[in-house]
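Chemist: Dropping in target-v9.txt, which is compact mmCIF, N, CA and C atoms:
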```
# COMPACT_ATOMS: atom_id res chain seq x y z
N MET A 1168 7.30 68.51 90.32
CA MET A 1168 8.32 68.21 91.28
C MET A 1168 9.66 68.11 90.56
N SER A 1169 10.67 68.71 91.16
CA SER A 1169 12.01 68.68 90.59
C SER A 1169 12.88 67.68 91.34
N TYR A 1170 13.86 67.24 90.64
CA TYR A 1170 14.80 66.30 91.24
C TYR A 1170 16.20 66.88 91.18
N GLN A 1171 16.97 66.54 92.19
CA GLN A 1171 18.36 66.96 92.21
C GLN A 1171 19.20 65.76 92.63
N GLU A 1172 20.22 65.52 91.87
CA GLU A 1172 21.10 64.41 92.18
C GLU A 1172 22.15 64.90 93.18
N ILE A 1173 22.32 64.16 94.28
CA ILE A 1173 23.28 64.53 95.32
C ILE A 1173 24.31 63.41 95.44
N TYR A 1174 25.57 63.83 95.43
CA TYR A 1174 26.65 62.86 95.57
C TYR A 1174 27.24 62.96 96.96
N GLU A 1175 27.53 61.82 97.54
CA GLU A 1175 28.20 61.78 98.83
C GLU A 1175 29.41 60.85 98.69
N ARG A 1176 30.49 61.27 99.27
CA ARG A 1176 31.70 60.45 99.23
C ARG A 1176 32.15 60.25 100.68
N TYR A 1177 32.61 59.05 100.96
CA TYR A 1177 33.10 58.71 102.29
C TYR A 1177 34.51 58.14 102.16
N VAL A 1178 35.36 58.49 103.11
CA VAL A 1178 36.66 57.85 103.24
C VAL A 1178 36.47 56.79 104.32
N ILE A 1179 36.88 55.56 104.04
CA ILE A 1179 36.63 54.45 104.96
C ILE A 1179 37.95 53.85 105.43
N CYS A 1180 38.07 53.67 106.74
CA CYS A 1180 39.27 53.10 107.35
C CYS A 1180 39.39 51.63 106.94
N ASP A 1181 40.54 51.26 106.41
CA ASP A 1181 40.76 49.88 105.98
C ASP A 1181 40.90 48.93 107.18
N GLU A 1182 41.11 49.47 108.36
CA GLU A 1182 41.29 48.64 109.56
C GLU A 1182 39.95 48.38 110.26
N CYS A 1183 39.20 49.45 110.57
CA CYS A 1183 37.97 49.28 111.37
C CYS A 1183 36.70 49.66 110.62
N HIS A 1184 36.82 50.12 109.39
CA HIS A 1184 35.71 50.49 108.52
C HIS A 1184 34.91 51.70 109.01
N THR A 1185 35.53 52.52 109.89
CA THR A 1185 34.94 53.80 110.26
C THR A 1185 34.90 54.66 109.01
N SER A 1186 33.87 55.48 108.87
CA SER A 1186 33.78 56.32 107.67
C SER A 1186 33.79 57.79 108.04
N LEU A 1187 34.31 58.58 107.11
CA LEU A 1187 34.33 60.04 107.25
C LEU A 1187 33.66 60.61 106.01
N SER A 1188 32.59 61.36 106.21
CA SER A 1188 31.88 61.97 105.09
C SER A 1188 32.65 63.18 104.58
N VAL A 1189 32.88 63.21 103.28
CA VAL A 1189 33.59 64.33 102.66
C VAL A 1189 32.73 64.99 101.58
N ASP A 1190 31.43 64.73 101.63
CA ASP A 1190 30.45 65.30 100.70
C ASP A 1190 30.83 65.02 99.25
N ASP A 1191 30.62 65.97 98.39
CA ASP A 1191 30.89 65.82 96.95
C ASP A 1191 32.32 66.33 96.69
N ALA A 1192 33.29 65.42 96.73
CA ALA A 1192 34.70 65.81 96.57
C ALA A 1192 35.40 64.85 95.62
N THR A 1193 36.45 65.34 95.01
CA THR A 1193 37.28 64.45 94.20
C THR A 1193 38.06 63.53 95.15
N ASP A 1194 38.68 62.50 94.62
CA ASP A 1194 39.47 61.59 95.46
C ASP A 1194 40.58 62.36 96.18
N GLU A 1195 41.25 63.25 95.45
CA GLU A 1195 42.35 64.02 96.04
C GLU A 1195 41.84 64.94 97.14
N ASP A 1196 40.74 65.62 96.90
CA ASP A 1196 40.16 66.51 97.91
C ASP A 1196 39.68 65.71 99.13
N ALA A 1197 39.14 64.52 98.88
CA ALA A 1197 38.69 63.67 99.98
C ALA A 1197 39.88 63.25 100.85
N ASP A 1198 41.00 62.87 100.21
CA ASP A 1198 42.20 62.49 100.96
C ASP A 1198 42.73 63.67 101.75
N ASN A 1199 42.73 64.86 101.15
CA ASN A 1199 43.22 66.05 101.85
C ASN A 1199 42.35 66.38 103.06
N GLU A 1200 41.04 66.26 102.90
CA GLU A 1200 40.15 66.55 104.03
C GLU A 1200 40.33 65.50 105.13
N ALA A 1201 40.47 64.24 104.73
CA ALA A 1201 40.69 63.18 105.72
C ALA A 1201 42.00 63.42 106.46
N ALA A 1202 43.05 63.79 105.74
CA ALA A 1202 44.34 64.06 106.38
C ALA A 1202 44.22 65.22 107.36
N ASP A 1203 43.41 66.21 107.03
CA ASP A 1203 43.17 67.34 107.95
C ASP A 1203 42.50 66.88 109.23
N HIS A 1204 41.79 65.76 109.17
CA HIS A 1204 41.13 65.19 110.35
C HIS A 1204 41.98 64.11 111.02
N GLY A 1205 43.25 63.99 110.64
CA GLY A 1205 44.15 63.03 111.31
C GLY A 1205 44.22 61.66 110.67
N TRP A 1206 43.65 61.51 109.49
CA TRP A 1206 43.69 60.22 108.81
C TRP A 1206 45.02 60.05 108.07
N GLN A 1207 45.42 58.82 107.89
CA GLN A 1207 46.59 58.47 107.08
C GLN A 1207 46.05 58.00 105.73
N CYS A 1208 46.47 58.68 104.66
CA CYS A 1208 45.99 58.35 103.33
C CYS A 1208 47.16 57.96 102.45
N ASP A 1209 47.17 56.72 101.99
CA ASP A 1209 48.23 56.23 101.12
C ASP A 1209 47.73 56.35 99.69
N GLU A 1210 48.15 57.40 99.00
CA GLU A 1210 47.66 57.69 97.65
C GLU A 1210 48.03 56.60 96.66
N LEU A 1211 49.25 56.04 96.80
CA LEU A 1211 49.71 55.05 95.82
C LEU A 1211 48.95 53.74 95.91
N GLN A 1212 48.68 53.29 97.14
CA GLN A 1212 48.02 52.00 97.30
C GLN A 1212 46.53 52.14 97.63
N GLY A 1213 46.06 53.38 97.76
CA GLY A 1213 44.64 53.61 98.00
C GLY A 1213 44.16 53.17 99.37
N ARG A 1214 45.08 53.09 100.34
CA ARG A 1214 44.68 52.68 101.69
C ARG A 1214 44.40 53.91 102.54
N HIS A 1215 43.48 53.75 103.49
CA HIS A 1215 43.11 54.83 104.40
C HIS A 1215 43.01 54.26 105.81
N TYR A 1216 43.56 55.01 106.77
CA TYR A 1216 43.50 54.60 108.17
C TYR A 1216 43.05 55.77 109.02
N CYS A 1217 42.06 55.54 109.87
CA CYS A 1217 41.53 56.59 110.75
C CYS A 1217 42.59 56.93 111.81
N PRO A 1218 42.38 58.00 112.57
CA PRO A 1218 43.38 58.39 113.57
C PRO A 1218 43.66 57.33 114.63
N LEU A 1219 42.78 56.36 114.80
CA LEU A 1219 43.00 55.31 115.80
C LEU A 1219 43.71 54.09 115.23
N HIS A 1220 43.87 54.03 113.93
CA HIS A 1220 44.42 52.81 113.31
C HIS A 1220 45.45 53.09 112.22
N TRP A 1221 46.39 53.98 112.48
CA TRP A 1221 47.45 54.21 111.50
C TRP A 1221 48.22 52.93 111.28
N HIS A 1222 48.74 52.76 110.09
CA HIS A 1222 49.60 51.62 109.75
C HIS A 1222 50.98 52.16 109.43
N VAL A 1223 52.00 51.66 110.12
CA VAL A 1223 53.37 52.11 109.87
C VAL A 1223 54.26 50.90 109.61
N GLU A 1224 55.25 51.12 108.75
CA GLU A 1224 56.27 50.11 108.48
C GLU A 1224 57.62 50.75 108.72
N CYS A 1225 58.54 49.98 109.31
CA CYS A 1225 59.88 50.48 109.57
C CYS A 1225 60.62 50.64 108.25
N HIS A 1226 61.18 51.81 108.06
CA HIS A 1226 61.94 52.11 106.84
C HIS A 1226 63.19 51.24 106.72
N ASP A 1227 63.72 50.78 107.86
CA ASP A 1227 64.97 50.03 107.86
C ASP A 1227 64.77 48.52 107.79
N CYS A 1228 63.79 47.98 108.51
CA CYS A 1228 63.66 46.52 108.57
C CYS A 1228 62.29 46.01 108.13
N GLU A 1229 61.38 46.88 107.77
CA GLU A 1229 60.05 46.54 107.29
C GLU A 1229 59.14 45.91 108.35
N ALA A 1230 59.48 46.06 109.64
CA ALA A 1230 58.56 45.65 110.70
C ALA A 1230 57.33 46.55 110.58
N ALA A 1231 56.16 46.03 110.96
CA ALA A 1231 54.93 46.81 110.82
C ALA A 1231 54.12 46.76 112.10
N ASP A 1232 53.31 47.79 112.29
CA ASP A 1232 52.41 47.86 113.44
C ASP A 1232 51.28 48.80 113.07
N SER A 1233 50.21 48.76 113.84
CA SER A 1233 49.13 49.71 113.61
C SER A 1233 48.57 50.15 114.95
N GLY A 1234 47.99 51.35 114.93
CA GLY A 1234 47.41 51.92 116.14
C GLY A 1234 47.40 53.43 116.01
N ALA A 1235 46.97 54.09 117.07
CA ALA A 1235 46.97 55.55 117.08
C ALA A 1235 48.42 56.04 117.07
N PRO A 1236 48.72 57.09 116.31
CA PRO A 1236 50.11 57.57 116.22
C PRO A 1236 50.73 57.86 117.60
N ASP A 1237 49.98 58.46 118.51
CA ASP A 1237 50.52 58.75 119.84
C ASP A 1237 50.86 57.46 120.59
N GLU A 1238 50.03 56.43 120.44
CA GLU A 1238 50.30 55.15 121.09
C GLU A 1238 51.53 54.48 120.48
N LEU A 1239 51.67 54.55 119.16
CA LEU A 1239 52.82 53.96 118.50
C LEU A 1239 54.11 54.66 118.95
N GLU A 1240 54.07 55.99 119.04
CA GLU A 1240 55.25 56.73 119.50
C GLU A 1240 55.58 56.40 120.95
N ALA A 1241 54.55 56.22 121.79
CA ALA A 1241 54.78 55.84 123.18
C ALA A 1241 55.40 54.45 123.27
N ALA A 1242 55.13 53.61 122.27
CA ALA A 1242 55.72 52.26 122.24
C ALA A 1242 57.12 52.25 121.63
N GLY A 1243 57.62 53.43 121.25
CA GLY A 1243 58.99 53.52 120.75
C GLY A 1243 59.14 53.77 119.27
N TRP A 1244 58.05 53.82 118.52
CA TRP A 1244 58.13 54.11 117.09
C TRP A 1244 58.52 55.57 116.88
N HIS A 1245 59.33 55.83 115.88
CA HIS A 1245 59.69 57.19 115.46
C HIS A 1245 58.91 57.43 114.17
N ILE A 1246 57.78 58.14 114.29
CA ILE A 1246 56.87 58.29 113.15
C ILE A 1246 57.07 59.65 112.51
N ASP A 1247 57.28 59.63 111.20
CA ASP A 1247 57.28 60.85 110.42
C ASP A 1247 55.83 61.01 109.96
N ARG A 1248 55.09 61.91 110.60
CA ARG A 1248 53.65 62.02 110.34
C ARG A 1248 53.35 62.52 108.93
N ASP A 1249 54.28 63.22 108.30
CA ASP A 1249 54.06 63.66 106.92
C ASP A 1249 54.38 62.55 105.93
N TYR A 1250 55.34 61.72 106.26
CA TYR A 1250 55.76 60.60 105.39
C TYR A 1250 55.88 59.34 106.23
N PRO A 1251 54.74 58.69 106.56
CA PRO A 1251 54.78 57.51 107.44
C PRO A 1251 55.68 56.38 106.93
N ASP A 1252 55.96 56.35 105.62
CA ASP A 1252 56.84 55.32 105.09
C ASP A 1252 58.28 55.52 105.54
N ASP A 1253 58.61 56.69 106.09
CA ASP A 1253 59.95 56.96 106.61
C ASP A 1253 60.04 56.73 108.11
N SER A 1254 59.06 56.04 108.68
CA SER A 1254 59.05 55.78 110.12
C SER A 1254 60.07 54.70 110.47
N LEU A 1255 60.45 54.68 111.75
CA LEU A 1255 61.41 53.68 112.24
C LEU A 1255 60.81 52.97 113.45
N CYS A 1256 60.99 51.65 113.51
CA CYS A 1256 60.47 50.86 114.62
C CYS A 1256 61.33 51.12 115.87
N PRO A 1257 60.88 50.63 117.02
CA PRO A 1257 61.64 50.87 118.26
C PRO A 1257 63.08 50.34 118.22
N ASN A 1258 63.36 49.39 117.35
CA ASN A 1258 64.72 48.82 117.28
C ASN A 1258 65.67 49.62 116.40
N HIS A 1259 65.17 50.56 115.65
CA HIS A 1259 66.00 51.31 114.72
C HIS A 1259 65.92 52.80 115.01
N HIS A 1260 67.07 53.47 114.88
CA HIS A 1260 67.16 54.88 115.20
C HIS A 1260 67.89 55.63 114.11
N HIS A 1261 67.54 56.89 113.95
CA HIS A 1261 68.23 57.78 113.02
C HIS A 1261 69.10 58.69 113.87
N LEU A 1262 70.41 58.60 113.70
CA LEU A 1262 71.34 59.43 114.45
C LEU A 1262 72.01 60.42 113.52
N SER A 1263 72.27 61.62 114.03
CA SER A 1263 73.08 62.58 113.27
C SER A 1263 74.10 63.16 114.25
N CYS A 1264 75.32 63.29 113.75
CA CYS A 1264 76.42 63.78 114.58
C CYS A 1264 76.26 65.28 114.83
N ARG A 1265 76.41 65.68 116.07
CA ARG A 1265 76.26 67.10 116.40
C ARG A 1265 77.43 67.94 115.90
N GLU A 1266 78.56 67.28 115.59
CA GLU A 1266 79.75 68.01 115.13
C GLU A 1266 79.80 68.12 113.60
N CYS A 1267 79.73 66.98 112.91
CA CYS A 1267 79.94 67.00 111.45
C CYS A 1267 78.68 66.74 110.64
N ARG A 1268 77.57 66.43 111.31
CA ARG A 1268 76.27 66.18 110.67
C ARG A 1268 76.20 64.87 109.89
N LYS A 1269 77.20 64.00 110.03
CA LYS A 1269 77.12 62.66 109.44
C LYS A 1269 75.93 61.97 110.09
N TRP A 1270 75.26 61.10 109.35
CA TRP A 1270 74.11 60.41 109.92
C TRP A 1270 74.16 58.93 109.58
N ASP A 1271 73.38 58.16 110.34
CA ASP A 1271 73.27 56.73 110.11
C ASP A 1271 71.94 56.27 110.69
N VAL A 1272 71.42 55.18 110.15
CA VAL A 1272 70.17 54.59 110.62
C VAL A 1272 70.44 53.13 110.90
N GLY A 1273 69.94 52.66 112.04
CA GLY A 1273 70.10 51.24 112.34
C GLY A 1273 69.76 50.94 113.78
N PRO A 1274 69.96 49.68 114.16
CA PRO A 1274 69.70 49.31 115.55
C PRO A 1274 70.79 49.89 116.46
N LEU A 1275 70.41 50.25 117.69
CA LEU A 1275 71.35 50.89 118.61
C LEU A 1275 72.59 50.04 118.86
N HIS A 1276 72.41 48.73 119.00
CA HIS A 1276 73.57 47.88 119.30
C HIS A 1276 74.61 47.95 118.18
N ARG A 1277 74.17 48.02 116.93
CA ARG A 1277 75.13 48.13 115.83
C ARG A 1277 75.79 49.50 115.82
N LEU A 1278 74.99 50.54 116.02
CA LEU A 1278 75.54 51.89 116.01
C LEU A 1278 76.57 52.07 117.13
N GLU A 1279 76.26 51.56 118.32
CA GLU A 1279 77.22 51.64 119.44
C GLU A 1279 78.47 50.81 119.14
N TYR A 1280 78.29 49.63 118.56
CA TYR A 1280 79.43 48.78 118.22
C TYR A 1280 80.35 49.48 117.22
N GLU A 1281 79.76 50.23 116.30
CA GLU A 1281 80.57 50.95 115.31
C GLU A 1281 81.22 52.20 115.87
N GLY A 1282 80.93 52.56 117.13
CA GLY A 1282 81.60 53.67 117.77
C GLY A 1282 80.80 54.93 117.98
N TRP A 1283 79.53 54.92 117.67
CA TRP A 1283 78.69 56.09 117.91
C TRP A 1283 78.58 56.31 119.42
N GLN A 1284 78.72 57.56 119.86
CA GLN A 1284 78.41 57.94 121.24
C GLN A 1284 77.01 58.50 121.22
N ILE A 1285 76.07 57.73 121.75
CA ILE A 1285 74.65 58.05 121.62
C ILE A 1285 74.15 58.80 122.85
N ASN A 1286 73.57 59.95 122.61
CA ASN A 1286 72.91 60.71 123.66
C ASN A 1286 71.46 60.24 123.65
N THR A 1287 71.08 59.42 124.63
CA THR A 1287 69.74 58.83 124.63
C THR A 1287 68.64 59.85 124.89
N ASP A 1288 68.97 60.98 125.53
CA ASP A 1288 67.96 62.02 125.77
C ASP A 1288 67.63 62.79 124.49
N ASN A 1289 68.65 63.01 123.66
CA ASN A 1289 68.47 63.74 122.40
C ASN A 1289 69.44 63.16 121.39
N THR A 1290 68.95 62.28 120.53
CA THR A 1290 69.83 61.59 119.59
C THR A 1290 70.50 62.53 118.61
N ASP A 1291 69.97 63.75 118.44
CA ASP A 1291 70.62 64.74 117.57
C ASP A 1291 71.89 65.29 118.20
N GLN A 1292 72.15 64.96 119.45
CA GLN A 1292 73.36 65.40 120.15
C GLN A 1292 74.38 64.28 120.25
N SER A 1293 74.25 63.25 119.44
CA SER A 1293 75.18 62.13 119.43
C SER A 1293 76.43 62.48 118.64
N LEU A 1294 77.46 61.66 118.80
CA LEU A 1294 78.72 61.86 118.07
C LEU A 1294 79.00 60.63 117.21
N CYS A 1295 79.40 60.86 115.95
CA CYS A 1295 79.77 59.77 115.06
C CYS A 1295 81.10 59.18 115.53
N PRO A 1296 81.48 58.01 115.05
CA PRO A 1296 82.73 57.39 115.50
C PRO A 1296 83.97 58.28 115.29
N GLU A 1297 84.04 58.99 114.16
CA GLU A 1297 85.21 59.83 113.89
C GLU A 1297 85.30 61.00 114.87
N CYS A 1298 84.18 61.68 115.09
CA CYS A 1298 84.18 62.84 116.00
C CYS A 1298 84.38 62.38 117.44
N ALA A 1299 83.82 61.22 117.80
CA ALA A 1299 84.02 60.70 119.16
C ALA A 1299 85.49 60.37 119.39
N LYS A 1300 86.14 59.80 118.38
CA LYS A 1300 87.55 59.46 118.49
C LYS A 1300 88.41 60.74 118.60
N THR A 1301 88.10 61.74 117.79
CA THR A 1301 88.82 63.01 117.82
C THR A 1301 88.65 63.69 119.19
N LYS A 1302 87.45 63.62 119.72
CA LYS A 1302 87.20 64.24 121.03
C LYS A 1302 88.00 63.55 122.14
N LYS A 1303 88.11 62.22 122.07
CA LYS A 1303 88.91 61.48 123.06
C LYS A 1303 90.38 61.82 122.95
N GLU A 1304 90.87 61.97 121.72
CA GLU A 1304 92.30 62.26 121.50
C GLU A 1304 92.68 63.66 121.98
N THR A 1305 91.76 64.59 121.97
CA THR A 1305 92.06 65.97 122.38
C THR A 1305 91.98 66.16 123.88
N LYS A 1306 91.47 65.16 124.60
CA LYS A 1306 91.39 65.29 126.07
C LYS A 1306 92.71 65.01 126.73
```
What would the structure in this file look like if it were written as structure tokens?

Modeler:
Amino acid sequence: MSYQEIYERYVICDECHTSLSVDDATDEDADNEAADHGWQCDELQGRHYCPLHWHVECHDCEAADSGAPDELEAAGWHIDRDYPDDSLCPNHHHLSCRECRKWDVGPLHRLEYEGWQINTDNTDQSLCPECAKTKKETK
């Protein structure tokens, strides 16, 4: 009788302990396969979250939440799915001026106070304080 050693590797969700079998793979290959299945893999801290339990932190204020990415976005989170550490909570927004491409990140009340004209339907169509002032002066 012959024997064969078989290796199995699993990626396990740090939130709910769901596992994903990745067979005989290196850590990097296991993370890549898990990411292909919608998992969030934090290579630096070794954390893994299944598609139902992503963990996000606001890049601006460090607020945190967890849940399915679609649910988090529906709750107002702006998630960068490739770089979840660059996500923004519902209180913080990334604006870029449609005229000069200047950008800023922060809470809407501060951005409006500083003079940003915010297009709530498409924040990429907002105007920075300088361009908004120039547009008013030309009218």

Chemist: Taking the DSSP assignment computed from this structure's backbone, write out as a ChimeraX atom specification all residues of segment 1169-1304 of chain A that belong to alpha helix (DSSP H).

Modeler: /A:1194-1203,1236-1241,1275-1280,1296-1304

Chemist: With only N, CA and C atoms as the basis for distance, which of A:Trp1221, A:Tyr1174, A:Trp1244, A:Tyr1250 is at the shortest distance from Val1189 of chain A?

Modeler: A:Tyr1174

Chemist: Could you make a table, as CSV, of the residues of segment 1194-1254 of chain A that have an atom within 12 Å of an atom of segment 1265-1278 of chain A, each with its nearest atom pair and distance in Å to one decimal, counting only C-alpha atoms, in chain and number order?

Modeler:
```
residue,atom,partner,partner_atom,distance
A:Cys1225,CA,A:Gly1273,CA,10.6
A:His1226,CA,A:Val1272,CA,9.4
A:Asp1227,CA,A:Gly1273,CA,6.9
A:Cys1228,CA,A:Gly1273,CA,8.8
A:His1245,CA,A:Val1272,CA,11.8
A:Asp1253,CA,A:Val1272,CA,11.2
A:Ser1254,CA,A:Val1272,CA,11.2
```

Chemist: Interatomic distance between atom CA of Pro1257 of chain A and atom CA of Gly1243 of chain A?

Modeler: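 So the answer is 4.5 Å.
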
Chemist: I'd like the interatomic distance between atom N of Trp1283 of chain A and atom N of Thr1301 of chain A, to a tenth of an Å.

Modeler: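 Atom N of Thr1301 of chain A lies at a distance of 11.0 Å from atom N of Trp1283 of chain A.
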
Chemist: Point out the residue among A:Val1223, A:Ala1201, A:Ala1192, A:Ala1241 with the least atom-to-atom distance to Leu1255 of chain A, counting all atoms listed in the file.

Modeler: A:Val1223

Chemist: List every residue of segment 1191-1250 of chain A that DSSP, applied to the backbone, labels as strand (DSSP E or B), and write the result as a compact mmCIF listing (two decimals) with N, CA and C atoms, in the coordinates of the input.

Modeler:
```txt
# COMPACT_ATOMS: atom_id res chain seq x y z
N GLN A 1207 45.42 58.82 107.89
CA GLN A 1207 46.59 58.47 107.08
C GLN A 1207 46.05 58.00 105.73
N CYS A 1208 46.47 58.68 104.66
CA CYS A 1208 45.99 58.35 103.33
C CYS A 1208 47.16 57.96 102.45
N ASP A 1209 47.17 56.72 101.99
CA ASP A 1209 48.23 56.23 101.12
C ASP A 1209 47.73 56.35 99.69
N ARG A 1214 45.08 53.09 100.34
CA ARG A 1214 44.68 52.68 101.69
C ARG A 1214 44.40 53.91 102.54
N HIS A 1215 43.48 53.75 103.49
CA HIS A 1215 43.11 54.83 104.40
C HIS A 1215 43.01 54.26 105.81
N TYR A 1216 43.56 55.01 106.77
CA TYR A 1216 43.50 54.60 108.17
C TYR A 1216 43.05 55.77 109.02
N TRP A 1221 46.39 53.98 112.48
CA TRP A 1221 47.45 54.21 111.50
C TRP A 1221 48.22 52.93 111.28
N HIS A 1222 48.74 52.76 110.09
CA HIS A 1222 49.60 51.62 109.75
C HIS A 1222 50.98 52.16 109.43
N VAL A 1223 52.00 51.66 110.12
CA VAL A 1223 53.37 52.11 109.87
C VAL A 1223 54.26 50.90 109.61
N GLU A 1224 55.25 51.12 108.75
CA GLU A 1224 56.27 50.11 108.48
C GLU A 1224 57.62 50.75 108.72
N ALA A 1231 56.16 46.03 110.96
CA ALA A 1231 54.93 46.81 110.82
C ALA A 1231 54.12 46.76 112.10
N ASP A 1232 53.31 47.79 112.29
CA ASP A 1232 52.41 47.86 113.44
C ASP A 1232 51.28 48.80 113.07
N SER A 1233 50.21 48.76 113.84
CA SER A 1233 49.13 49.71 113.61
C SER A 1233 48.57 50.15 114.95
N GLY A 1234 47.99 51.35 114.93
CA GLY A 1234 47.41 51.92 116.14
C GLY A 1234 47.40 53.43 116.01
N HIS A 1245 59.33 55.83 115.88
CA HIS A 1245 59.69 57.19 115.46
C HIS A 1245 58.91 57.43 114.17
```

Chemist: Using only C-alpha atoms, which of the listed residues (A:Asp1249, A:Asp1198, A:Glu1238, A:Glu1281) sits closest to Glu1210 of chain A?

Modeler: A:Asp1198

Chemist: Tell me, in Å to one decimal, how far atom N of Arg1248 of chain A is from atom N of Asp1190 of chain A.

Modeler: 25.5 Å

Chemist: Please check which residues have atoms at most 8 Å from (43.0, 53.5, 115.1) in the file's coordinates, counting all atoms listed in the file, and write them as a ChimeraX atom specification.

Modeler: /A:1182-1183,1216-1222,1233-1236

Chemist: Find the residues with any atom within 7 Å of (26.3, 67.1, 95.2); use only C-alpha atoms and the coordinates as given in the file, and write the answer as an MDAnalysis selection string.

Modeler: chainID A and resid 1172:1175 1191

Chemist: Given all atoms listed in the file, how would the per-residue table for segment 1168-1277 of chain A near segment 1285-1290 of chain A read, listing every residue at most 6.5 Å away with its closest atom pair and distance in Å to one decimal, sorted by chain and number, as JSON lines?

Modeler:
```
{"residue": "A:His1261", "atom": "C", "partner": "A:Thr1290", "partner_atom": "C", "distance": 6.3}
{"residue": "A:Leu1262", "atom": "CA", "partner": "A:Thr1290", "partner_atom": "C", "distance": 5.3}
{"residue": "A:Ser1263", "atom": "N", "partner": "A:Thr1290", "partner_atom": "C", "distance": 5.0}
```
